[in-house]
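Undergrad: Here it is, the structure in full.
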Amino acid sequence: MNQPTFIILGATGDLTKRKLIPAIYYLLESQQLENFTIVGAARRSITTRELLHEAKKFIPKINPKIWATLEKNTSYVPLQFTEKKDFVALRNHLE
């Protein structure tokens with residue numbers, strides 16, 4: 001199986017923390033996802049850890065090993081959606 005890359009635009013929004021990150025966590029937990037990358041991008045200047053911390057509240061029982069895998073494979077890129085240079089930076093990050 002190929003290694004999927006989830007690119008989440010607007011990653012600091014409610015949908016990401018309540019649904020998307022928990023859904024990916026549950027895919028890991030149920031062993032339906034192995035090799036993957038998550039790249040979040042949004043206007044806020046936050047860290048990857050801060051992004052994931054917000055989502056952690058919506059996962060009732062966290063397995064530390066699975067959470068560590070999620071953290072290891074997730075990154076965050078600040079992105080102003082009106083700035084071409086930010087999309088270039090996102091592309092470079094993906095490469």
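Residues in the structure tokens are numbered from 1 in each chain, the chains being A, B, ... in the order shown, and ligands are numbered from 1 in the order shown.
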Report as number ranges by chain all protein, DNA and RNA residues lying within 12 Å of Ala55 in chain A, evaluated on only C-alpha atoms, omitting residues in the same chain fewer than 4 positions from it.
TA: A: 11-25, 48-51, 59-60, 62, 67, 70-71
Undergrad: Can you write out the residues you just picked, keeping N, CA and C atoms, as a PDB file, in the first residue's frame?
TA:
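Final output, saved to selection_32.pdb:
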```pdb
ATOM      1  N   ALA A  11      -6.406  23.723   9.097  1.00  0.00           N
ATOM      2  CA  ALA A  11      -6.188  22.682  10.103  1.00  0.00           C
ATOM      3  C   ALA A  11      -6.457  23.115  11.540  1.00  0.00           C
ATOM      4  N   THR A  12      -6.513  24.396  11.808  1.00  0.00           N
ATOM      5  CA  THR A  12      -6.769  24.844  13.173  1.00  0.00           C
ATOM      6  C   THR A  12      -8.263  24.967  13.457  1.00  0.00           C
ATOM      7  N   GLY A  13      -9.074  24.603  12.500  1.00  0.00           N
ATOM      8  CA  GLY A  13     -10.524  24.726  12.653  1.00  0.00           C
ATOM      9  C   GLY A  13     -11.153  23.589  13.447  1.00  0.00           C
ATOM     10  N   ASP A  14     -12.410  23.776  13.722  1.00  0.00           N
ATOM     11  CA  ASP A  14     -13.184  22.853  14.541  1.00  0.00           C
ATOM     12  C   ASP A  14     -13.291  21.456  13.933  1.00  0.00           C
ATOM     13  N   LEU A  15     -13.474  21.367  12.626  1.00  0.00           N
ATOM     14  CA  LEU A  15     -13.612  20.072  11.961  1.00  0.00           C
ATOM     15  C   LEU A  15     -12.375  19.200  12.178  1.00  0.00           C
ATOM     16  N   THR A  16     -11.209  19.807  12.120  1.00  0.00           N
ATOM     17  CA  THR A  16      -9.966  19.052  12.267  1.00  0.00           C
ATOM     18  C   THR A  16      -9.841  18.461  13.663  1.00  0.00           C
ATOM     19  N   LYS A  17     -10.051  19.277  14.684  1.00  0.00           N
ATOM     20  CA  LYS A  17      -9.853  18.782  16.047  1.00  0.00           C
ATOM     21  C   LYS A  17     -10.963  17.843  16.512  1.00  0.00           C
ATOM     22  N   ARG A  18     -12.179  18.064  16.039  1.00  0.00           N
ATOM     23  CA  ARG A  18     -13.293  17.225  16.497  1.00  0.00           C
ATOM     24  C   ARG A  18     -13.472  15.945  15.684  1.00  0.00           C
ATOM     25  N   LYS A  19     -13.101  15.984  14.405  1.00  0.00           N
ATOM     26  CA  LYS A  19     -13.415  14.854  13.526  1.00  0.00           C
ATOM     27  C   LYS A  19     -12.211  14.256  12.796  1.00  0.00           C
ATOM     28  N   LEU A  20     -11.434  15.083  12.108  1.00  0.00           N
ATOM     29  CA  LEU A  20     -10.392  14.543  11.231  1.00  0.00           C
ATOM     30  C   LEU A  20      -9.258  13.862  11.994  1.00  0.00           C
ATOM     31  N   ILE A  21      -8.665  14.563  12.951  1.00  0.00           N
ATOM     32  CA  ILE A  21      -7.566  13.955  13.719  1.00  0.00           C
ATOM     33  C   ILE A  21      -8.059  12.739  14.505  1.00  0.00           C
ATOM     34  N   PRO A  22      -9.207  12.830  15.215  1.00  0.00           N
ATOM     35  CA  PRO A  22      -9.704  11.617  15.871  1.00  0.00           C
ATOM     36  C   PRO A  22      -9.964  10.459  14.905  1.00  0.00           C
ATOM     37  N   ALA A  23     -10.481  10.743  13.713  1.00  0.00           N
ATOM     38  CA  ALA A  23     -10.739   9.673  12.743  1.00  0.00           C
ATOM     39  C   ALA A  23      -9.441   8.999  12.317  1.00  0.00           C
ATOM     40  N   ILE A  24      -8.405   9.782  12.085  1.00  0.00           N
ATOM     41  CA  ILE A  24      -7.111   9.200  11.712  1.00  0.00           C
ATOM     42  C   ILE A  24      -6.538   8.402  12.877  1.00  0.00           C
ATOM     43  N   TYR A  25      -6.703   8.909  14.090  1.00  0.00           N
ATOM     44  CA  TYR A  25      -6.264   8.163  15.279  1.00  0.00           C
ATOM     45  C   TYR A  25      -6.954   6.796  15.328  1.00  0.00           C
ATOM     46  N   THR A  48       2.980  22.048  15.843  1.00  0.00           N
ATOM     47  CA  THR A  48       2.297  20.770  15.585  1.00  0.00           C
ATOM     48  C   THR A  48       1.733  20.212  16.878  1.00  0.00           C
ATOM     49  N   ARG A  49       2.502  20.318  17.945  1.00  0.00           N
ATOM     50  CA  ARG A  49       2.052  19.812  19.244  1.00  0.00           C
ATOM     51  C   ARG A  49       0.778  20.525  19.700  1.00  0.00           C
ATOM     52  N   GLU A  50       0.713  21.834  19.497  1.00  0.00           N
ATOM     53  CA  GLU A  50      -0.488  22.583  19.876  1.00  0.00           C
ATOM     54  C   GLU A  50      -1.691  22.147  19.038  1.00  0.00           C
ATOM     55  N   LEU A  51      -1.468  21.915  17.761  1.00  0.00           N
ATOM     56  CA  LEU A  51      -2.538  21.446  16.885  1.00  0.00           C
ATOM     57  C   LEU A  51      -3.108  20.122  17.389  1.00  0.00           C
ATOM     58  N   ILE A  59     -10.689  12.567  21.929  1.00  0.00           N
ATOM     59  CA  ILE A  59     -10.416  11.129  21.869  1.00  0.00           C
ATOM     60  C   ILE A  59     -10.456  10.620  23.305  1.00  0.00           C
ATOM     61  N   PRO A  60     -11.520   9.905  23.677  1.00  0.00           N
ATOM     62  CA  PRO A  60     -11.717   9.546  25.080  1.00  0.00           C
ATOM     63  C   PRO A  60     -10.588   8.723  25.736  1.00  0.00           C
ATOM     64  N   ILE A  62      -6.830   7.376  25.100  1.00  0.00           N
ATOM     65  CA  ILE A  62      -5.673   7.465  24.206  1.00  0.00           C
ATOM     66  C   ILE A  62      -4.623   6.431  24.578  1.00  0.00           C
ATOM     67  N   TRP A  67      -0.659   7.404  19.943  1.00  0.00           N
ATOM     68  CA  TRP A  67      -0.553   8.866  19.927  1.00  0.00           C
ATOM     69  C   TRP A  67       0.857   9.297  19.509  1.00  0.00           C
ATOM     70  N   LEU A  70       1.083   9.071  15.828  1.00  0.00           N
ATOM     71  CA  LEU A  70       0.369  10.188  15.216  1.00  0.00           C
ATOM     72  C   LEU A  70       1.217  11.462  15.277  1.00  0.00           C
ATOM     73  N   GLU A  71       1.810  11.733  16.426  1.00  0.00           N
ATOM     74  CA  GLU A  71       2.661  12.919  16.579  1.00  0.00           C
ATOM     75  C   GLU A  71       3.868  12.882  15.641  1.00  0.00           C
TER      76      GLU A  71
END
```
Undergrad: Just asking: which residues within range 2-83 of chain A are strand (DSSP E or B) according to DSSP, as a PyMOL selection string?
TA: chain A and resi 5-9+37-42+74-78
Undergrad: Print the selection's residues with C-alpha atoms to a file, as a PDB file, in the first residue's frame.
TA:
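The resulting file, again-v3.pdb, is shown below:
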```
ATOM      1  CA  THR A   5      -0.505  12.076   2.835  1.00  0.00           C
ATOM      2  CA  PHE A   6      -3.414  13.913   4.414  1.00  0.00           C
ATOM      3  CA  ILE A   7      -3.188  17.640   3.660  1.00  0.00           C
ATOM      4  CA  ILE A   8      -5.595  19.520   5.896  1.00  0.00           C
ATOM      5  CA  LEU A   9      -6.167  23.120   4.848  1.00  0.00           C
ATOM      6  CA  THR A  37       1.766  11.634   6.826  1.00  0.00           C
ATOM      7  CA  ILE A  38      -0.482  14.445   8.022  1.00  0.00           C
ATOM      8  CA  VAL A  39       0.352  17.997   7.009  1.00  0.00           C
ATOM      9  CA  GLY A  40      -1.851  20.664   8.529  1.00  0.00           C
ATOM     10  CA  ALA A  41      -1.886  24.201   7.185  1.00  0.00           C
ATOM     11  CA  ALA A  42      -3.736  27.272   8.409  1.00  0.00           C
ATOM     12  CA  THR A  74       2.169  14.986  11.720  1.00  0.00           C
ATOM     13  CA  SER A  75       3.496  18.418  10.848  1.00  0.00           C
ATOM     14  CA  TYR A  76       2.029  21.900  10.632  1.00  0.00           C
ATOM     15  CA  VAL A  77       2.802  24.740   8.239  1.00  0.00           C
ATOM     16  CA  PRO A  78       1.516  28.303   8.743  1.00  0.00           C
TER      17      PRO A  78
END
```
Undergrad: How far is it from CA of Thr47 in chain A to CA of Gln3 in chain A, in Å with one decimal?
TA: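 According to the coordinates, CA of Thr47 in chain A and CA of Gln3 in chain A are separated by 23.5 Å.
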Undergrad: Could you tell me how far CA of Phe36 in chain A lies from CA of Thr69 in chain A, in Å and to one decimal?
TA: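 CA of Thr69 in chain A lies 9.7 Å from CA of Phe36 in chain A.
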